[in-house]
Amino acid sequence: MPIFNDTKVAFADKSDAQLRKAYWMFKMIEQPALTSLGTSVLNFTVHNNFPFVTGIVKSTLFEQFCGGETREESMKVVKQLFKRGVGSIFDYSIEGKEDEETFDAVCKEIKDIIRFSVGNPAIPFIVFKPTAFGRIDLYEAVGKGTELTSSQKEEWARVVKRFDEICSLCHEHNKKVMVDAEETWMQDAADHLCEEMMEKYNQEKPIVWNTIQMYRTGRLEYMEENLQRAREKNYFIGYKIVRGAYMEKERARAAEKGYADPIQPTKEASDQNYNAGIDFVMNHLDKVSAFFGTHNEISSELIMDKMKAKSLDNGNPHVYFGQLYGMSDNISFYLSDKGYNVAKYLPYGPVKDVVPYLTRRARENTSVAGQTGRELGLIKKELQRRRK
């Protein structure tokens with residue numbers, strides 16, 4: 001789309017060397033076979049403490065997609081983004097661990113992020129993944145209504161306690177908190193927890209925000225039901241609206257276990273569902289606020305058009321746009337330049353612990369039709385512009 005083609009604005013903070021490095025990385029990610037092999041090797045070598053490989057990762061993938069190894073180290077990126085009107089959402093990107101000690105440690109880290117960000121408008125949201133606080137199998141059992149053992153009940157009580165402690169602290173310090181969505185088979189339990197937290201902490205405004213994956217079937221119906229519940233119980237709703245990131249895994253599991261595919265049948269159907277989600281939010285702004293997480297230029301422009309049609313200010317507090325750090329700068333900085341609310345997810349953490357996140361992100365980029373090619377085209381265009 002023409003309005004998002006200003007590469008001078010998009011890459012104003014990037015040197016030629018940074019752009020060339022980014023071009024090389026996206027060029028590698030563009031190759032599915034190479035990405036699959038490379039991410040497998042990367043996970044193995046970093047897990048087994050190959051220091052040379054860790055250094056390479058930090059200066060390439062990590063530098064492109066992460067703010068730093070600590071919050072303090074990441075503040076350089078936060079300040080740079082905020083100078084241009086873009087907020088940052090610290091994403092403590094530790095994945096793949098399922099022990100109580102790690103769950104408690106991550107919960108403490110999220111609390112530290114909350115306190116760290118108090119009074120700083122450059123950090124408008126807090127975020128966490130449900131499986132950062134509990135095992136995915138436990139969420140699945142709870143969502144299905146399976147009778148839990150005594151130890152499982154105690155384990156689930158600890159998950160609920162972690163949720164509540166984070167939401168309570170955000171409420172105390174007037175910080176918005178988004179709960180990420182994950183696989184469909186654990187999402188019912190996460191949704192119910194988010195509903196409980198909204199009812200408890202969203203009485204005056206949306207503090208707790210749930211994530212809705214629009215590549216799923218049945219999500220519009222869920223939002224309608226939640227809206228009815230919110231009106232009956234008099235609380236506000238916050239949503240992060242995304243397309244989704246687990247399509248291959250979801251389809252494979254549905255085929256293996258013989259249940260209906262929970263994903264929209266086509267890319268076009270997912271896009272239509274996402275656009276219907278935009279309409280839903282725009283038609284219920286008295287109760288619903290949304291953070292539209294999208295790298296799709298058509299969807300971004302549609303949101304802008306809907307806001308204009310309703311005579312909303314660009315900086316309306318009920319509407320946010322969001323992208324991942326290291327991607328879609330052409331969208332993020334155009335929107336911020338026009339006064340819209342924009343924030344980027346900013347992952348951080350020790351390189352070794354963040355590698356599972358980075359490899360998952362690389363695989364997702366490979367599977368999203370056109371996304372990596374779009375990044376490459378924009379970088380190439382800017383490098384050519386600078387040579388003139």
# chains A, B, ... in the order shown; residues from 1 in each chain; ligands from 1

call {"tool": "residues_around", "arguments": {"residues": "range 166-175 of chain A", "least_positions_apart": "4", "cutoff": "12 Å", "atoms": "only C-alpha atoms", "output": "ChimeraX atom specification"}}
result
/A:89,104,106-130,133,159-162,179,193-210

call {"tool": "residues_around", "arguments": {"residues": "Val319 in chain A", "least_positions_apart": "3", "cutoff": "8 Å", "atoms": "only C-alpha atoms", "output": "ChimeraX atom specification"}}
result
/A:289-292,315-316,341

call {"tool": "write_last_selection", "arguments": {"atoms": "C-alpha atoms", "output": "PDB file, in the first residue's frame"}}
result
ATOM      1  CA  SER A 289     -10.615  -1.292  23.706  1.00  0.00           C
ATOM      2  CA  ALA A 290      -8.208  -2.994  21.344  1.00  0.00           C
ATOM      3  CA  PHE A 291      -4.543  -3.378  20.571  1.00  0.00           C
ATOM      4  CA  PHE A 292      -4.437  -4.429  16.918  1.00  0.00           C
ATOM      5  CA  GLY A 315      -4.609   9.111  19.359  1.00  0.00           C
ATOM      6  CA  ASN A 316      -7.908   7.755  20.695  1.00  0.00           C
ATOM      7  CA  ASN A 341      -0.952   4.947  19.446  1.00  0.00           C
TER       8      ASN A 341
END

call {"tool": "closest_residue", "arguments": {"among": "A:Met307, A:Met75, A:Ile94, A:Val342", "to": "Asn283 in chain A", "atoms": "only C-alpha atoms"}}
result
A:Met307

call {"tool": "atom_distance", "arguments": {"atom1": "CA of Gln371 in chain A", "atom2": "CA of Met25 in chain A"}}
result
13.4 Å

call {"tool": "closest_atom_pairs", "arguments": {"of": "range 247-282 of chain A", "to": "range 223-236 of chain A", "cutoff": "10 Å", "atoms": "only C-alpha atoms", "output": "Markdown table"}}
result
| residue | atom | partner | partner_atom | distance |
| --- | --- | --- | --- | --- |
| A:Gly277 | CA | A:Met223 | CA | 8.8 |
| A:Phe280 | CA | A:Met223 | CA | 8.4 |
| A:Val281 | CA | A:Met223 | CA | 9.4 |

call {"tool": "atom_distance", "arguments": {"atom1": "CA of Asn275 in chain A", "atom2": "CA of Thr359 in chain A"}}
result
29.0 Å

call {"tool": "residues_around", "arguments": {"residues": "Ala157 in chain A", "least_positions_apart": "4", "cutoff": "12 Å", "atoms": "only C-alpha atoms", "output": "list in words"}}
result
Phe133, Gly134, Leu138, Tyr139, Val142, Leu148, Ser150, Ser151, Gln152, Lys153, Lys161, Arg162, Phe163, Asp164 and Leu193 of chain A

call {"tool": "residues_around", "arguments": {"residues": "range 374-384 of chain A", "least_positions_apart": "2", "cutoff": "8 Å", "atoms": "only C-alpha atoms", "output": "PyMOL selection string"}}
result
chain A and resi 5+7-8+11+16+19-20+22-23+26-27+327-328+370-372+386-388

call {"tool": "select_by_dssp", "arguments": {"residues": "range 116-249 of chain A", "states": "alpha helix (DSSP H)", "output": "PyMOL selection string"}}
result
chain A and resi 116-117+136-144+150-173+184-201+219-233+247-249

call {"tool": "atom_distance", "arguments": {"atom1": "CA of Asp286 in chain A", "atom2": "CA of Leu302 in chain A"}}
result
20.0 Å

call {"tool": "closest_residue", "arguments": {"among": "A:Ile331, A:Ala190, A:Val86, A:Met282", "to": "Ile3 in chain A", "atoms": "only C-alpha atoms"}}
result
A:Ile331

call {"tool": "select_by_dssp", "arguments": {"residues": "range 25-255 of chain A", "states": "strand (DSSP E or B)", "output": "ChimeraX atom specification"}}
result
/A:68,86-92,125-128,176-179,208-213,216,237-242

call {"tool": "write_last_selection", "arguments": {"atoms": "N, CA and C atoms", "output": "PDB file, in the first residue's frame"}}
result
ATOM      1  N   GLY A  68      17.686  -6.589  24.297  1.00  0.00           N
ATOM      2  CA  GLY A  68      18.900  -6.819  25.061  1.00  0.00           C
ATOM      3  C   GLY A  68      18.725  -8.027  25.953  1.00  0.00           C
ATOM      4  N   VAL A  86       6.935   5.750  19.415  1.00  0.00           N
ATOM      5  CA  VAL A  86       6.566   4.335  19.472  1.00  0.00           C
ATOM      6  C   VAL A  86       6.895   3.779  20.854  1.00  0.00           C
ATOM      7  N   GLY A  87       5.893   3.197  21.513  1.00  0.00           N
ATOM      8  CA  GLY A  87       6.096   2.593  22.810  1.00  0.00           C
ATOM      9  C   GLY A  87       6.741   1.222  22.701  1.00  0.00           C
ATOM     10  N   SER A  88       7.159   0.684  23.837  1.00  0.00           N
ATOM     11  CA  SER A  88       7.758  -0.649  23.898  1.00  0.00           C
ATOM     12  C   SER A  88       7.012  -1.505  24.913  1.00  0.00           C
ATOM     13  N   ILE A  89       6.874  -2.781  24.585  1.00  0.00           N
ATOM     14  CA  ILE A  89       6.239  -3.739  25.487  1.00  0.00           C
ATOM     15  C   ILE A  89       7.275  -4.805  25.807  1.00  0.00           C
ATOM     16  N   PHE A  90       7.833  -4.751  27.006  1.00  0.00           N
ATOM     17  CA  PHE A  90       8.846  -5.732  27.390  1.00  0.00           C
ATOM     18  C   PHE A  90       8.250  -7.133  27.366  1.00  0.00           C
ATOM     19  N   ASP A  91       8.880  -8.004  26.600  1.00  0.00           N
ATOM     20  CA  ASP A  91       8.428  -9.388  26.468  1.00  0.00           C
ATOM     21  C   ASP A  91       9.555 -10.297  26.936  1.00  0.00           C
ATOM     22  N   TYR A  92       9.421 -10.786  28.170  1.00  0.00           N
ATOM     23  CA  TYR A  92      10.445 -11.669  28.729  1.00  0.00           C
ATOM     24  C   TYR A  92      10.302 -13.023  28.050  1.00  0.00           C
ATOM     25  N   PHE A 125       2.299  -1.078  28.078  1.00  0.00           N
ATOM     26  CA  PHE A 125       1.676  -2.366  28.398  1.00  0.00           C
ATOM     27  C   PHE A 125       2.682  -3.298  29.067  1.00  0.00           C
ATOM     28  N   ILE A 126       2.141  -4.180  29.910  1.00  0.00           N
ATOM     29  CA  ILE A 126       2.853  -5.332  30.428  1.00  0.00           C
ATOM     30  C   ILE A 126       2.304  -6.544  29.670  1.00  0.00           C
ATOM     31  N   VAL A 127       3.111  -7.612  29.509  1.00  0.00           N
ATOM     32  CA  VAL A 127       2.611  -8.789  28.800  1.00  0.00           C
ATOM     33  C   VAL A 127       3.193 -10.057  29.415  1.00  0.00           C
ATOM     34  N   PHE A 128       2.412 -11.133  29.376  1.00  0.00           N
ATOM     35  CA  PHE A 128       2.945 -12.448  29.743  1.00  0.00           C
ATOM     36  C   PHE A 128       2.173 -13.531  29.007  1.00  0.00           C
ATOM     37  N   LYS A 176      -1.557  -1.287  32.024  1.00  0.00           N
ATOM     38  CA  LYS A 176      -2.342  -2.253  31.253  1.00  0.00           C
ATOM     39  C   LYS A 176      -1.525  -3.533  31.064  1.00  0.00           C
ATOM     40  N   VAL A 177      -2.196  -4.699  31.177  1.00  0.00           N
ATOM     41  CA  VAL A 177      -1.496  -5.972  31.038  1.00  0.00           C
ATOM     42  C   VAL A 177      -2.203  -6.834  30.004  1.00  0.00           C
ATOM     43  N   MET A 178      -1.440  -7.323  29.028  1.00  0.00           N
ATOM     44  CA  MET A 178      -1.977  -8.203  27.992  1.00  0.00           C
ATOM     45  C   MET A 178      -1.560  -9.641  28.272  1.00  0.00           C
ATOM     46  N   VAL A 179      -2.519 -10.551  28.144  1.00  0.00           N
ATOM     47  CA  VAL A 179      -2.250 -11.978  28.300  1.00  0.00           C
ATOM     48  C   VAL A 179      -2.223 -12.580  26.897  1.00  0.00           C
ATOM     49  N   VAL A 208      -6.850  -5.340  32.317  1.00  0.00           N
ATOM     50  CA  VAL A 208      -6.507  -6.676  31.817  1.00  0.00           C
ATOM     51  C   VAL A 208      -7.011  -6.837  30.391  1.00  0.00           C
ATOM     52  N   TRP A 209      -6.121  -7.257  29.487  1.00  0.00           N
ATOM     53  CA  TRP A 209      -6.452  -7.418  28.068  1.00  0.00           C
ATOM     54  C   TRP A 209      -6.164  -8.862  27.658  1.00  0.00           C
ATOM     55  N   ASN A 210      -7.143  -9.529  27.099  1.00  0.00           N
ATOM     56  CA  ASN A 210      -6.961 -10.881  26.586  1.00  0.00           C
ATOM     57  C   ASN A 210      -6.593 -10.819  25.104  1.00  0.00           C
ATOM     58  N   THR A 211      -6.012 -11.893  24.578  1.00  0.00           N
ATOM     59  CA  THR A 211      -5.629 -11.938  23.163  1.00  0.00           C
ATOM     60  C   THR A 211      -6.567 -12.852  22.393  1.00  0.00           C
ATOM     61  N   ILE A 212      -7.038 -12.357  21.248  1.00  0.00           N
ATOM     62  CA  ILE A 212      -7.963 -13.093  20.387  1.00  0.00           C
ATOM     63  C   ILE A 212      -7.271 -13.388  19.065  1.00  0.00           C
ATOM     64  N   GLN A 213      -7.168 -14.680  18.722  1.00  0.00           N
ATOM     65  CA  GLN A 213      -6.537 -15.095  17.468  1.00  0.00           C
ATOM     66  C   GLN A 213      -7.615 -15.273  16.400  1.00  0.00           C
ATOM     67  N   ARG A 216      -8.558 -18.341  14.070  1.00  0.00           N
ATOM     68  CA  ARG A 216      -9.367 -19.404  14.644  1.00  0.00           C
ATOM     69  C   ARG A 216     -10.842 -19.239  14.258  1.00  0.00           C
ATOM     70  N   ILE A 237     -13.665  -4.303  28.667  1.00  0.00           N
ATOM     71  CA  ILE A 237     -12.903  -5.351  27.977  1.00  0.00           C
ATOM     72  C   ILE A 237     -11.709  -4.729  27.262  1.00  0.00           C
ATOM     73  N   GLY A 238     -10.562  -5.387  27.381  1.00  0.00           N
ATOM     74  CA  GLY A 238      -9.398  -5.052  26.570  1.00  0.00           C
ATOM     75  C   GLY A 238      -9.014  -6.278  25.754  1.00  0.00           C
ATOM     76  N   TYR A 239      -8.784  -6.094  24.461  1.00  0.00           N
ATOM     77  CA  TYR A 239      -8.389  -7.198  23.596  1.00  0.00           C
ATOM     78  C   TYR A 239      -7.130  -6.836  22.829  1.00  0.00           C
ATOM     79  N   LYS A 240      -6.246  -7.810  22.688  1.00  0.00           N
ATOM     80  CA  LYS A 240      -5.237  -7.738  21.637  1.00  0.00           C
ATOM     81  C   LYS A 240      -5.772  -8.604  20.505  1.00  0.00           C
ATOM     82  N   ILE A 241      -5.954  -8.020  19.339  1.00  0.00           N
ATOM     83  CA  ILE A 241      -6.501  -8.732  18.180  1.00  0.00           C
ATOM     84  C   ILE A 241      -5.346  -9.089  17.242  1.00  0.00           C
ATOM     85  N   VAL A 242      -5.140 -10.389  17.049  1.00  0.00           N
ATOM     86  CA  VAL A 242      -4.065 -10.855  16.161  1.00  0.00           C
ATOM     87  C   VAL A 242      -4.637 -11.885  15.190  1.00  0.00           C
TER      88      VAL A 242
END

call {"tool": "closest_residue", "arguments": {"among": "A:Asp271, A:Gly85, A:Lys249, A:Glu297", "to": "Tyr340 in chain A", "atoms": "only C-alpha atoms"}}
result
A:Gly85

call {"tool": "closest_residue", "arguments": {"among": "A:Glu183, A:Ala12, A:Glu69, A:Ile278", "to": "Asn330 in chain A", "atoms": "only C-alpha atoms"}}
result
A:Ala12
